[in-house]
Every structure is written in structure tokens, then in C-alpha cells.
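Here is start-v9.txt, consisting of compact mmCIF, N, CA and C atoms:
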```
# COMPACT_ATOMS: atom_id res chain seq x y z
N MET A 927 0.85 -1.18 0.00
CA MET A 927 0.00 0.00 0.00
C MET A 927 0.89 1.24 0.00
N SER A 928 0.69 2.14 -0.95
CA SER A 928 1.52 3.34 -1.03
C SER A 928 0.94 4.44 -0.15
N GLU A 929 1.83 5.26 0.36
CA GLU A 929 1.40 6.36 1.21
C GLU A 929 0.96 7.54 0.36
N VAL A 930 -0.03 8.26 0.84
CA VAL A 930 -0.49 9.47 0.16
C VAL A 930 0.51 10.58 0.47
N PRO A 931 0.99 11.28 -0.55
CA PRO A 931 1.95 12.35 -0.28
C PRO A 931 1.30 13.48 0.50
N VAL A 932 2.05 14.02 1.45
CA VAL A 932 1.57 15.14 2.26
C VAL A 932 1.78 16.42 1.48
N LYS A 933 0.74 17.22 1.38
CA LYS A 933 0.83 18.49 0.66
C LYS A 933 1.61 19.48 1.51
N GLU A 934 2.65 20.03 0.95
CA GLU A 934 3.45 21.04 1.64
C GLU A 934 2.69 22.36 1.68
N GLN A 935 2.65 22.99 2.83
CA GLN A 935 1.98 24.28 2.98
C GLN A 935 3.04 25.37 3.14
N ARG A 936 2.83 26.47 2.44
CA ARG A 936 3.72 27.62 2.63
C ARG A 936 3.53 28.16 4.04
N VAL A 937 4.63 28.49 4.66
CA VAL A 937 4.55 29.08 5.99
C VAL A 937 4.55 30.60 5.81
N THR A 938 3.39 31.18 6.06
CA THR A 938 3.24 32.63 5.92
C THR A 938 3.03 33.26 7.29
N LYS A 939 3.17 34.58 7.34
CA LYS A 939 2.91 35.29 8.60
C LYS A 939 1.49 35.05 9.07
N GLN A 940 0.55 35.04 8.12
CA GLN A 940 -0.86 34.84 8.46
C GLN A 940 -1.09 33.44 9.03
N ARG A 941 -0.50 32.44 8.39
CA ARG A 941 -0.66 31.05 8.86
C ARG A 941 -0.06 30.90 10.26
N LEU A 942 1.10 31.49 10.49
CA LEU A 942 1.73 31.43 11.80
C LEU A 942 0.89 32.13 12.86
N ALA A 943 0.30 33.28 12.50
CA ALA A 943 -0.53 34.03 13.44
C ALA A 943 -1.79 33.25 13.79
N ILE A 944 -2.41 32.63 12.80
CA ILE A 944 -3.62 31.83 13.05
C ILE A 944 -3.28 30.63 13.91
N SER A 945 -2.17 29.97 13.61
CA SER A 945 -1.74 28.82 14.40
C SER A 945 -1.47 29.22 15.85
N ALA A 946 -0.78 30.33 16.05
CA ALA A 946 -0.48 30.81 17.40
C ALA A 946 -1.76 31.17 18.16
N ALA A 947 -2.70 31.81 17.47
CA ALA A 947 -3.96 32.17 18.12
C ALA A 947 -4.72 30.93 18.55
N LEU A 948 -4.76 29.90 17.70
CA LEU A 948 -5.44 28.65 18.06
C LEU A 948 -4.76 27.98 19.24
N ASP A 949 -3.44 28.06 19.31
CA ASP A 949 -2.71 27.46 20.43
C ASP A 949 -3.12 28.07 21.75
N GLY A 950 -3.54 29.33 21.73
CA GLY A 950 -3.90 30.02 22.96
C GLY A 950 -5.37 29.90 23.35
N LEU A 951 -6.15 29.17 22.57
CA LEU A 951 -7.59 29.05 22.85
C LEU A 951 -7.91 27.66 23.39
N ALA A 952 -8.79 27.60 24.37
CA ALA A 952 -9.17 26.32 24.97
C ALA A 952 -10.37 25.69 24.27
N ASP A 953 -11.26 26.51 23.72
CA ASP A 953 -12.49 26.00 23.15
C ASP A 953 -12.53 26.23 21.64
N PHE A 954 -13.53 25.64 21.00
CA PHE A 954 -13.71 25.82 19.56
C PHE A 954 -14.05 27.27 19.26
N VAL A 955 -13.65 27.71 18.09
CA VAL A 955 -13.87 29.09 17.68
C VAL A 955 -14.29 29.09 16.20
N SER A 956 -15.21 30.00 15.87
CA SER A 956 -15.62 30.13 14.47
C SER A 956 -14.56 30.93 13.73
N THR A 957 -14.62 30.89 12.43
CA THR A 957 -13.67 31.65 11.61
C THR A 957 -13.83 33.13 11.88
N GLN A 958 -15.06 33.61 11.97
CA GLN A 958 -15.28 35.03 12.22
C GLN A 958 -14.79 35.45 13.60
N GLU A 959 -14.99 34.60 14.62
CA GLU A 959 -14.50 34.91 15.96
C GLU A 959 -12.96 34.98 15.95
N LEU A 960 -12.33 34.03 15.27
CA LEU A 960 -10.87 34.03 15.20
C LEU A 960 -10.37 35.26 14.44
N HIS A 961 -11.04 35.60 13.36
CA HIS A 961 -10.68 36.78 12.58
C HIS A 961 -10.76 38.05 13.44
N ARG A 962 -11.84 38.17 14.21
CA ARG A 962 -12.00 39.32 15.12
C ARG A 962 -10.88 39.36 16.15
N LEU A 963 -10.55 38.20 16.73
CA LEU A 963 -9.48 38.11 17.71
C LEU A 963 -8.14 38.54 17.12
N LEU A 964 -7.86 38.09 15.90
CA LEU A 964 -6.61 38.47 15.24
C LEU A 964 -6.53 39.97 15.03
N HIS A 965 -7.65 40.57 14.60
CA HIS A 965 -7.66 42.02 14.38
C HIS A 965 -7.50 42.78 15.69
N GLU A 966 -8.05 42.25 16.80
CA GLU A 966 -7.86 42.88 18.11
C GLU A 966 -6.39 42.86 18.51
N ARG A 967 -5.65 41.88 17.99
CA ARG A 967 -4.21 41.76 18.26
C ARG A 967 -3.38 42.46 17.19
N ASP A 968 -4.03 43.26 16.35
CA ASP A 968 -3.39 43.99 15.25
C ASP A 968 -2.68 43.09 14.26
N VAL A 969 -3.24 41.91 14.03
CA VAL A 969 -2.73 41.00 13.00
C VAL A 969 -3.54 41.24 11.74
N ARG A 970 -2.86 41.59 10.66
CA ARG A 970 -3.54 41.87 9.40
C ARG A 970 -3.70 40.59 8.60
N VAL A 971 -4.95 40.11 8.55
CA VAL A 971 -5.29 38.93 7.76
C VAL A 971 -6.75 39.08 7.34
N SER A 972 -7.03 38.81 6.08
CA SER A 972 -8.40 38.96 5.61
C SER A 972 -9.26 37.80 6.10
N LEU A 973 -10.56 38.02 6.11
CA LEU A 973 -11.49 36.96 6.51
C LEU A 973 -11.38 35.78 5.54
N ALA A 974 -11.25 36.06 4.24
CA ALA A 974 -11.13 34.98 3.24
C ALA A 974 -9.88 34.14 3.49
N THR A 975 -8.78 34.80 3.83
CA THR A 975 -7.54 34.07 4.12
C THR A 975 -7.69 33.25 5.39
N THR A 976 -8.38 33.78 6.38
CA THR A 976 -8.62 33.04 7.62
C THR A 976 -9.42 31.78 7.32
N TYR A 977 -10.47 31.90 6.52
CA TYR A 977 -11.26 30.73 6.11
C TYR A 977 -10.37 29.70 5.40
N ARG A 978 -9.57 30.17 4.46
CA ARG A 978 -8.74 29.27 3.65
C ARG A 978 -7.71 28.55 4.51
N ILE A 979 -7.06 29.26 5.40
CA ILE A 979 -6.03 28.65 6.24
C ILE A 979 -6.64 27.65 7.21
N LEU A 980 -7.77 28.00 7.82
CA LEU A 980 -8.42 27.05 8.74
C LEU A 980 -8.85 25.78 8.01
N ALA A 981 -9.41 25.93 6.81
CA ALA A 981 -9.80 24.76 6.03
C ALA A 981 -8.59 23.90 5.70
N SER A 982 -7.50 24.53 5.34
CA SER A 982 -6.27 23.81 5.02
C SER A 982 -5.73 23.08 6.25
N MET A 983 -5.75 23.74 7.40
CA MET A 983 -5.27 23.12 8.64
C MET A 983 -6.15 21.93 9.01
N ALA A 984 -7.46 22.05 8.79
CA ALA A 984 -8.38 20.94 9.07
C ALA A 984 -8.09 19.78 8.13
N ASP A 985 -7.89 20.07 6.85
CA ASP A 985 -7.57 19.02 5.87
C ASP A 985 -6.28 18.29 6.23
N ASP A 986 -5.33 19.03 6.80
CA ASP A 986 -4.04 18.44 7.17
C ASP A 986 -4.07 17.77 8.54
N GLY A 987 -5.23 17.81 9.22
CA GLY A 987 -5.35 17.19 10.53
C GLY A 987 -4.71 17.98 11.66
N LEU A 988 -4.46 19.26 11.42
CA LEU A 988 -3.82 20.10 12.44
C LEU A 988 -4.82 20.70 13.42
N VAL A 989 -6.09 20.73 13.03
CA VAL A 989 -7.16 21.21 13.90
C VAL A 989 -8.36 20.31 13.73
N ASP A 990 -9.17 20.24 14.75
CA ASP A 990 -10.45 19.55 14.66
C ASP A 990 -11.48 20.57 14.22
N THR A 991 -12.45 20.12 13.46
CA THR A 991 -13.54 20.97 13.05
C THR A 991 -14.85 20.24 13.28
N LEU A 992 -15.85 20.98 13.66
CA LEU A 992 -17.18 20.42 13.83
C LEU A 992 -18.19 21.53 13.62
N ARG A 993 -19.45 21.18 13.66
CA ARG A 993 -20.52 22.16 13.51
C ARG A 993 -21.10 22.46 14.88
N ASN A 994 -21.24 23.73 15.20
CA ASN A 994 -21.83 24.10 16.49
C ASN A 994 -23.34 23.98 16.41
N GLY A 995 -24.02 24.37 17.45
CA GLY A 995 -25.47 24.25 17.51
C GLY A 995 -26.20 25.00 16.42
N GLU A 996 -25.58 26.03 15.85
CA GLU A 996 -26.19 26.80 14.77
C GLU A 996 -25.77 26.28 13.40
N GLY A 997 -24.98 25.21 13.37
CA GLY A 997 -24.53 24.64 12.10
C GLY A 997 -23.29 25.30 11.52
N GLU A 998 -22.69 26.22 12.27
CA GLU A 998 -21.50 26.93 11.81
C GLU A 998 -20.26 26.09 12.10
N ALA A 999 -19.31 26.05 11.16
CA ALA A 999 -18.06 25.32 11.37
C ALA A 999 -17.23 26.05 12.43
N VAL A 1000 -16.71 25.29 13.38
CA VAL A 1000 -15.83 25.83 14.41
C VAL A 1000 -14.58 24.95 14.47
N TYR A 1001 -13.49 25.55 14.93
CA TYR A 1001 -12.18 24.91 14.88
C TYR A 1001 -11.48 24.99 16.24
N ARG A 1002 -10.61 24.01 16.47
CA ARG A 1002 -9.82 24.01 17.70
C ARG A 1002 -8.61 23.12 17.52
N ARG A 1003 -7.52 23.54 18.11
CA ARG A 1003 -6.33 22.69 18.16
C ARG A 1003 -6.58 21.71 19.29
N CYS A 1004 -6.69 20.44 18.97
CA CYS A 1004 -6.98 19.43 19.99
C CYS A 1004 -5.71 18.82 20.54
N SER A 1005 -5.78 18.45 21.81
CA SER A 1005 -4.62 17.84 22.46
C SER A 1005 -4.55 16.35 22.20
N ALA A 1006 -5.67 15.73 21.86
CA ALA A 1006 -5.68 14.29 21.60
C ALA A 1006 -5.06 14.01 20.24
N THR A 1007 -4.21 13.00 20.20
CA THR A 1007 -3.56 12.66 18.94
C THR A 1007 -4.24 11.48 18.26
N SER A 1008 -5.19 10.86 18.94
CA SER A 1008 -5.91 9.74 18.36
C SER A 1008 -7.36 10.14 18.10
N HIS A 1009 -8.09 9.26 17.44
CA HIS A 1009 -9.50 9.52 17.14
C HIS A 1009 -10.26 9.75 18.46
N HIS A 1010 -11.05 10.79 18.49
CA HIS A 1010 -11.80 11.12 19.71
C HIS A 1010 -13.07 11.87 19.34
N HIS A 1011 -13.87 12.14 20.35
CA HIS A 1011 -15.13 12.84 20.18
C HIS A 1011 -15.16 14.02 21.16
N HIS A 1012 -16.24 14.79 21.10
CA HIS A 1012 -16.33 15.98 21.95
C HIS A 1012 -17.67 16.09 22.66
N LEU A 1013 -17.61 16.57 23.90
CA LEU A 1013 -18.78 17.05 24.63
C LEU A 1013 -18.73 18.57 24.51
N LEU A 1014 -19.81 19.19 24.09
CA LEU A 1014 -19.83 20.64 23.91
C LEU A 1014 -20.97 21.26 24.68
N CYS A 1015 -20.67 22.33 25.41
CA CYS A 1015 -21.71 23.07 26.12
C CYS A 1015 -22.42 23.99 25.13
N ARG A 1016 -23.73 23.86 25.06
CA ARG A 1016 -24.53 24.69 24.16
C ARG A 1016 -24.54 26.15 24.60
N ASN A 1017 -24.26 26.40 25.87
CA ASN A 1017 -24.35 27.76 26.38
C ASN A 1017 -23.03 28.52 26.27
N CYS A 1018 -21.96 27.98 26.85
CA CYS A 1018 -20.69 28.72 26.91
C CYS A 1018 -19.65 28.24 25.91
N GLY A 1019 -19.87 27.09 25.28
CA GLY A 1019 -18.92 26.57 24.29
C GLY A 1019 -17.81 25.72 24.86
N LYS A 1020 -17.81 25.49 26.18
CA LYS A 1020 -16.79 24.65 26.78
C LYS A 1020 -16.79 23.29 26.07
N THR A 1021 -15.59 22.75 25.85
CA THR A 1021 -15.45 21.48 25.14
C THR A 1021 -14.58 20.53 25.94
N VAL A 1022 -14.99 19.28 25.95
CA VAL A 1022 -14.22 18.21 26.60
C VAL A 1022 -13.98 17.13 25.56
N GLU A 1023 -12.71 16.74 25.40
CA GLU A 1023 -12.38 15.65 24.48
C GLU A 1023 -12.61 14.33 25.20
N VAL A 1024 -13.26 13.39 24.50
CA VAL A 1024 -13.52 12.08 25.10
C VAL A 1024 -13.19 10.97 24.10
N GLU A 1025 -12.63 9.92 24.62
CA GLU A 1025 -12.47 8.71 23.84
C GLU A 1025 -13.67 7.84 24.17
N ALA A 1026 -14.19 7.14 23.19
CA ALA A 1026 -15.41 6.39 23.39
C ALA A 1026 -15.30 5.02 22.72
N PRO A 1027 -14.64 4.07 23.38
CA PRO A 1027 -14.48 2.75 22.78
C PRO A 1027 -15.81 2.09 22.43
N ALA A 1028 -16.85 2.32 23.21
CA ALA A 1028 -18.16 1.73 22.92
C ALA A 1028 -18.70 2.26 21.59
N VAL A 1029 -18.49 3.54 21.31
CA VAL A 1029 -18.93 4.13 20.05
C VAL A 1029 -18.15 3.52 18.89
N GLU A 1030 -16.84 3.33 19.10
CA GLU A 1030 -16.01 2.75 18.04
C GLU A 1030 -16.47 1.33 17.71
N SER A 1031 -16.75 0.55 18.74
CA SER A 1031 -17.22 -0.83 18.53
C SER A 1031 -18.57 -0.84 17.84
N TRP A 1032 -19.47 0.03 18.27
CA TRP A 1032 -20.80 0.11 17.67
C TRP A 1032 -20.71 0.50 16.20
N ALA A 1033 -19.90 1.52 15.88
CA ALA A 1033 -19.77 1.98 14.49
C ALA A 1033 -19.19 0.87 13.61
N ALA A 1034 -18.20 0.15 14.11
CA ALA A 1034 -17.60 -0.94 13.34
C ALA A 1034 -18.62 -2.06 13.10
N ALA A 1035 -19.40 -2.38 14.12
CA ALA A 1035 -20.39 -3.45 14.00
C ALA A 1035 -21.50 -3.07 13.01
N VAL A 1036 -22.00 -1.85 13.09
CA VAL A 1036 -23.05 -1.40 12.18
C VAL A 1036 -22.53 -1.39 10.74
N ALA A 1037 -21.32 -0.93 10.55
CA ALA A 1037 -20.73 -0.92 9.21
C ALA A 1037 -20.60 -2.34 8.66
N LYS A 1038 -20.10 -3.24 9.50
CA LYS A 1038 -19.90 -4.63 9.07
C LYS A 1038 -21.24 -5.29 8.72
N GLU A 1039 -22.24 -5.08 9.57
CA GLU A 1039 -23.58 -5.65 9.32
C GLU A 1039 -24.15 -5.22 7.98
N ASN A 1040 -23.77 -4.03 7.55
CA ASN A 1040 -24.31 -3.48 6.31
C ASN A 1040 -23.33 -3.55 5.15
N GLY A 1041 -22.21 -4.24 5.35
CA GLY A 1041 -21.25 -4.44 4.28
C GLY A 1041 -20.41 -3.23 3.92
N PHE A 1042 -20.34 -2.25 4.81
CA PHE A 1042 -19.55 -1.05 4.54
C PHE A 1042 -18.11 -1.26 4.97
N THR A 1043 -17.18 -0.66 4.21
CA THR A 1043 -15.76 -0.70 4.55
C THR A 1043 -15.22 0.72 4.54
N GLN A 1044 -14.01 0.89 5.02
CA GLN A 1044 -13.34 2.19 5.07
C GLN A 1044 -14.24 3.25 5.71
N VAL A 1045 -14.83 2.88 6.83
CA VAL A 1045 -15.82 3.71 7.51
C VAL A 1045 -15.14 4.78 8.36
N GLN A 1046 -15.71 5.95 8.34
CA GLN A 1046 -15.32 7.05 9.23
C GLN A 1046 -16.58 7.56 9.90
N HIS A 1047 -16.43 8.19 11.06
CA HIS A 1047 -17.59 8.75 11.73
C HIS A 1047 -17.18 9.93 12.60
N THR A 1048 -18.18 10.72 12.93
CA THR A 1048 -18.00 11.86 13.83
C THR A 1048 -19.14 11.83 14.83
N VAL A 1049 -18.81 11.93 16.10
CA VAL A 1049 -19.83 11.98 17.14
C VAL A 1049 -19.55 13.20 18.02
N GLU A 1050 -20.51 14.08 18.11
CA GLU A 1050 -20.42 15.24 18.98
C GLU A 1050 -21.62 15.21 19.90
N ILE A 1051 -21.41 15.43 21.19
CA ILE A 1051 -22.49 15.38 22.18
C ILE A 1051 -22.66 16.80 22.74
N TYR A 1052 -23.88 17.33 22.60
CA TYR A 1052 -24.17 18.69 23.06
C TYR A 1052 -24.99 18.63 24.33
N GLY A 1053 -24.70 19.53 25.24
CA GLY A 1053 -25.44 19.62 26.50
C GLY A 1053 -25.04 20.88 27.22
N LEU A 1054 -25.26 20.90 28.54
CA LEU A 1054 -24.83 22.01 29.37
C LEU A 1054 -23.73 21.53 30.30
N CYS A 1055 -22.65 22.28 30.37
CA CYS A 1055 -21.56 21.95 31.29
C CYS A 1055 -22.05 22.16 32.73
N PRO A 1056 -21.33 21.62 33.71
CA PRO A 1056 -21.79 21.76 35.11
C PRO A 1056 -21.99 23.22 35.54
N GLU A 1057 -21.09 24.12 35.09
CA GLU A 1057 -21.20 25.53 35.50
C GLU A 1057 -22.47 26.17 34.93
N CYS A 1058 -22.76 25.91 33.65
CA CYS A 1058 -23.96 26.49 33.03
C CYS A 1058 -25.23 25.85 33.56
N ALA A 1059 -25.19 24.56 33.86
CA ALA A 1059 -26.36 23.90 34.41
C ALA A 1059 -26.69 24.42 35.80
N ALA A 1060 -25.66 24.80 36.56
CA ALA A 1060 -25.88 25.30 37.91
C ALA A 1060 -26.39 26.74 37.93
N ALA A 1061 -26.12 27.47 36.85
CA ALA A 1061 -26.51 28.90 36.81
C ALA A 1061 -28.01 29.07 36.60
```
Could you show the structure in this file as C-alpha cells?
Amino acid sequence: MSEVPVKEQRVTKQRLAISAALDGLADFVSTQELHRLLHERDVRVSLATTYRILASMADDGLVDTLRNGEGEAVYRRCSATSHHHHLLCRNCGKTVEVEAPAVESWAAAVAKENGFTQVQHTVEIYGLCPECAAA
């Protein structure tokens, strides 16, 4: 089996600034929120470039991406290096990375029962974090 060649990305000031900003964030952020944050830090990058770089980073596996409660794509540099899922607070956006072996087993079994191969899946669980539930 041959390996897929990794696409080389140009290292630009904008890409470095976006990467650094993501490193400093704990929770998922939308492209527009990240763009606003960069401008507050006097980093000159267009919204279109921010979208393009985030999409490229997601394609390269450098950030996780998912859809928030409004269906908007959000991004985060995740600490987990293996396949994982997320618990997301609908109120404050707090995110917890979780490994879910039961989900992995279930997905593999369902795929096998239906004759599917090369299966991928995404599971995101939305709720209220303890702090928001207590408020």
C-alpha cells in the first residue's frame, strides 16, 4: 500500500498568526471569531484568508472541526492525537475531548452488518456543562 503524499503548505505570517492564536484558545472558535481576535491583536489577515487557512489546517489534521449548535463550522487545536469525540456546552462553548471505545465498537459493527468498509464517523455530544447547568 503506497502512502499518500503530504501536501506542503507555505509558511506565511498569516498562517503562523492563526496557528499561534489557536494554540492560545481552549475551546472551539468560528472563523469570524478568530478573525476578530486576530484584528484585536493587530494582526492583518483577511477573513477569506482566515477561512482558507483554517480549512487547510483541518484538511491536514492540524485542527479539529465540527458544527456548532447553529450549524457553523468551528475549529480548535486538539490535544488528543488519536481519534476522539467531543462534549460541547450549548451555552458557553466549553469542550471536553472524550475517547469512546463503545462508540467505536458500535460503528464498526453497524458498518460490518451493512457491508460497509473504510468507515469514518463523527460523534459530537451537546449539553450544558456543570457551570452552566448550575446557573
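Secondary structure of region 1011-1044 of chain A, alpha helix (DSSP H) only (DSSP, backbone atoms): Pro1027, Ala1028, Val1029, Glu1030, Ser1031, Trp1032, Ala1033, Ala1034, Ala1035, Val1036, Ala1037, Lys1038 and Glu1039 of chain A.
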Problem set entry | Selection: 10 Å around Val1022 (chain A), only C-alpha atoms, excl. self and same-chain fewer than 2 positions, as a list in words | Ala952, Asp953, Cys1004, His1011, His1012, Leu1013, Leu1014, Cys1015, Gly1019, Lys1020, Val1024, Ile1051 and Cys1055 of chain A
Could the residues in this selection be written to a file with N, CA and C atoms, as a PDB file, in the coordinates of the input?
```pdb
ATOM      1  N   ALA A 952      -8.790  27.600  24.370  1.00  0.00           N
ATOM      2  CA  ALA A 952      -9.170  26.320  24.970  1.00  0.00           C
ATOM      3  C   ALA A 952     -10.370  25.690  24.270  1.00  0.00           C
ATOM      4  N   ASP A 953     -11.260  26.510  23.720  1.00  0.00           N
ATOM      5  CA  ASP A 953     -12.490  26.000  23.150  1.00  0.00           C
ATOM      6  C   ASP A 953     -12.530  26.230  21.640  1.00  0.00           C
ATOM      7  N   CYS A1004      -6.690  20.440  18.970  1.00  0.00           N
ATOM      8  CA  CYS A1004      -6.980  19.430  19.990  1.00  0.00           C
ATOM      9  C   CYS A1004      -5.710  18.820  20.540  1.00  0.00           C
ATOM     10  N   HIS A1011     -13.870  12.140  20.350  1.00  0.00           N
ATOM     11  CA  HIS A1011     -15.130  12.840  20.180  1.00  0.00           C
ATOM     12  C   HIS A1011     -15.160  14.020  21.160  1.00  0.00           C
ATOM     13  N   HIS A1012     -16.240  14.790  21.100  1.00  0.00           N
ATOM     14  CA  HIS A1012     -16.330  15.980  21.950  1.00  0.00           C
ATOM     15  C   HIS A1012     -17.670  16.090  22.660  1.00  0.00           C
ATOM     16  N   LEU A1013     -17.610  16.570  23.900  1.00  0.00           N
ATOM     17  CA  LEU A1013     -18.780  17.050  24.630  1.00  0.00           C
ATOM     18  C   LEU A1013     -18.730  18.570  24.510  1.00  0.00           C
ATOM     19  N   LEU A1014     -19.810  19.190  24.090  1.00  0.00           N
ATOM     20  CA  LEU A1014     -19.830  20.640  23.910  1.00  0.00           C
ATOM     21  C   LEU A1014     -20.970  21.260  24.680  1.00  0.00           C
ATOM     22  N   CYS A1015     -20.670  22.330  25.410  1.00  0.00           N
ATOM     23  CA  CYS A1015     -21.710  23.070  26.120  1.00  0.00           C
ATOM     24  C   CYS A1015     -22.420  23.990  25.130  1.00  0.00           C
ATOM     25  N   GLY A1019     -19.870  27.090  25.280  1.00  0.00           N
ATOM     26  CA  GLY A1019     -18.920  26.570  24.290  1.00  0.00           C
ATOM     27  C   GLY A1019     -17.810  25.720  24.860  1.00  0.00           C
ATOM     28  N   LYS A1020     -17.810  25.490  26.180  1.00  0.00           N
ATOM     29  CA  LYS A1020     -16.790  24.650  26.780  1.00  0.00           C
ATOM     30  C   LYS A1020     -16.790  23.290  26.070  1.00  0.00           C
ATOM     31  N   VAL A1024     -13.260  13.390  24.500  1.00  0.00           N
ATOM     32  CA  VAL A1024     -13.520  12.080  25.100  1.00  0.00           C
ATOM     33  C   VAL A1024     -13.190  10.970  24.100  1.00  0.00           C
ATOM     34  N   ILE A1051     -21.410  15.430  21.190  1.00  0.00           N
ATOM     35  CA  ILE A1051     -22.490  15.380  22.180  1.00  0.00           C
ATOM     36  C   ILE A1051     -22.660  16.800  22.740  1.00  0.00           C
ATOM     37  N   CYS A1055     -22.650  22.280  30.370  1.00  0.00           N
ATOM     38  CA  CYS A1055     -21.560  21.950  31.290  1.00  0.00           C
ATOM     39  C   CYS A1055     -22.050  22.160  32.730  1.00  0.00           C
TER      40      CYS A1055
END
```
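Across A:Phe1042, A:Val1049, A:Ser972, A:Pro1056, the tightest approach to His1010 (chain A) is made by A:Val1049 when counting only C-alpha atoms.
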For this session: Choose the residue, out of A:Phe954, A:Tyr1001, A:Trp1032, A:Tyr1052, that has the smallest atom-to-atom separation from Asp985 (chain A); count only C-alpha atoms.
Result: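 Closest residue, counting only C-alpha atoms: A:Tyr1001.
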For this session: Find the residues around Leu980 (chain A) up to 8 Å (all atoms listed in the file counted), leave out those fewer than 5 positions away in its own chain, and share them as a ChimeraX atom specification.
Result: /A:941,944,957,974-975,985-986,989,1001
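For Val1000 (chain A), the non-local neighbours within 6.5 Å, defined as residues at least 2 positions apart in the same chain or in other chains and counting all atoms listed in the file, are Phe954, Val955, Ser956, Thr957, Asp990, Thr991, Leu992, Arg993, Asn994, Glu998 and Arg1002 of chain A.
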Exercise. What gap, in Å, lies between atom C of Glu996 (chain A) and atom C of Thr1021 (chain A)?
Worked result: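 About the pair atom C of Glu996 (chain A) and atom C of Thr1021 (chain A): they are 17.8 Å apart.
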Problem set entry | DSSP strand (DSSP E) residues within chain A, as a list in words | Val955, Ser956, Asp990, Thr991, Leu992, Arg993, Ala999, Val1000, Tyr1001, Arg1002, His1011, His1012, Leu1013, Leu1014, Cys1015, Thr1021, Val1022, Glu1023, Val1024, Glu1050, Ile1051, Tyr1052 and Gly1053 of chain A
Problem set entry | Å distance separating atom N of Ala1037 (chain A) from CA of Glu1023 (chain A), one decimal place |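 That distance, rounded to one decimal, is 23.4 Å.
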Exercise. If you measure from atom N of Glu1025 (chain A) to CA of His1009 (chain A), what distance in Å do you get, rounded to one decimal?
Worked result: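 Going from atom N of Glu1025 (chain A) over to CA of His1009 (chain A), I get 8.1 Å.
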Exercise. Which one of A:Cys1018, A:Gly987, A:Arg1003, A:Arg978 sits closest to Ala947 (chain A) if you count only C-alpha atoms?
Worked result: A:Arg1003
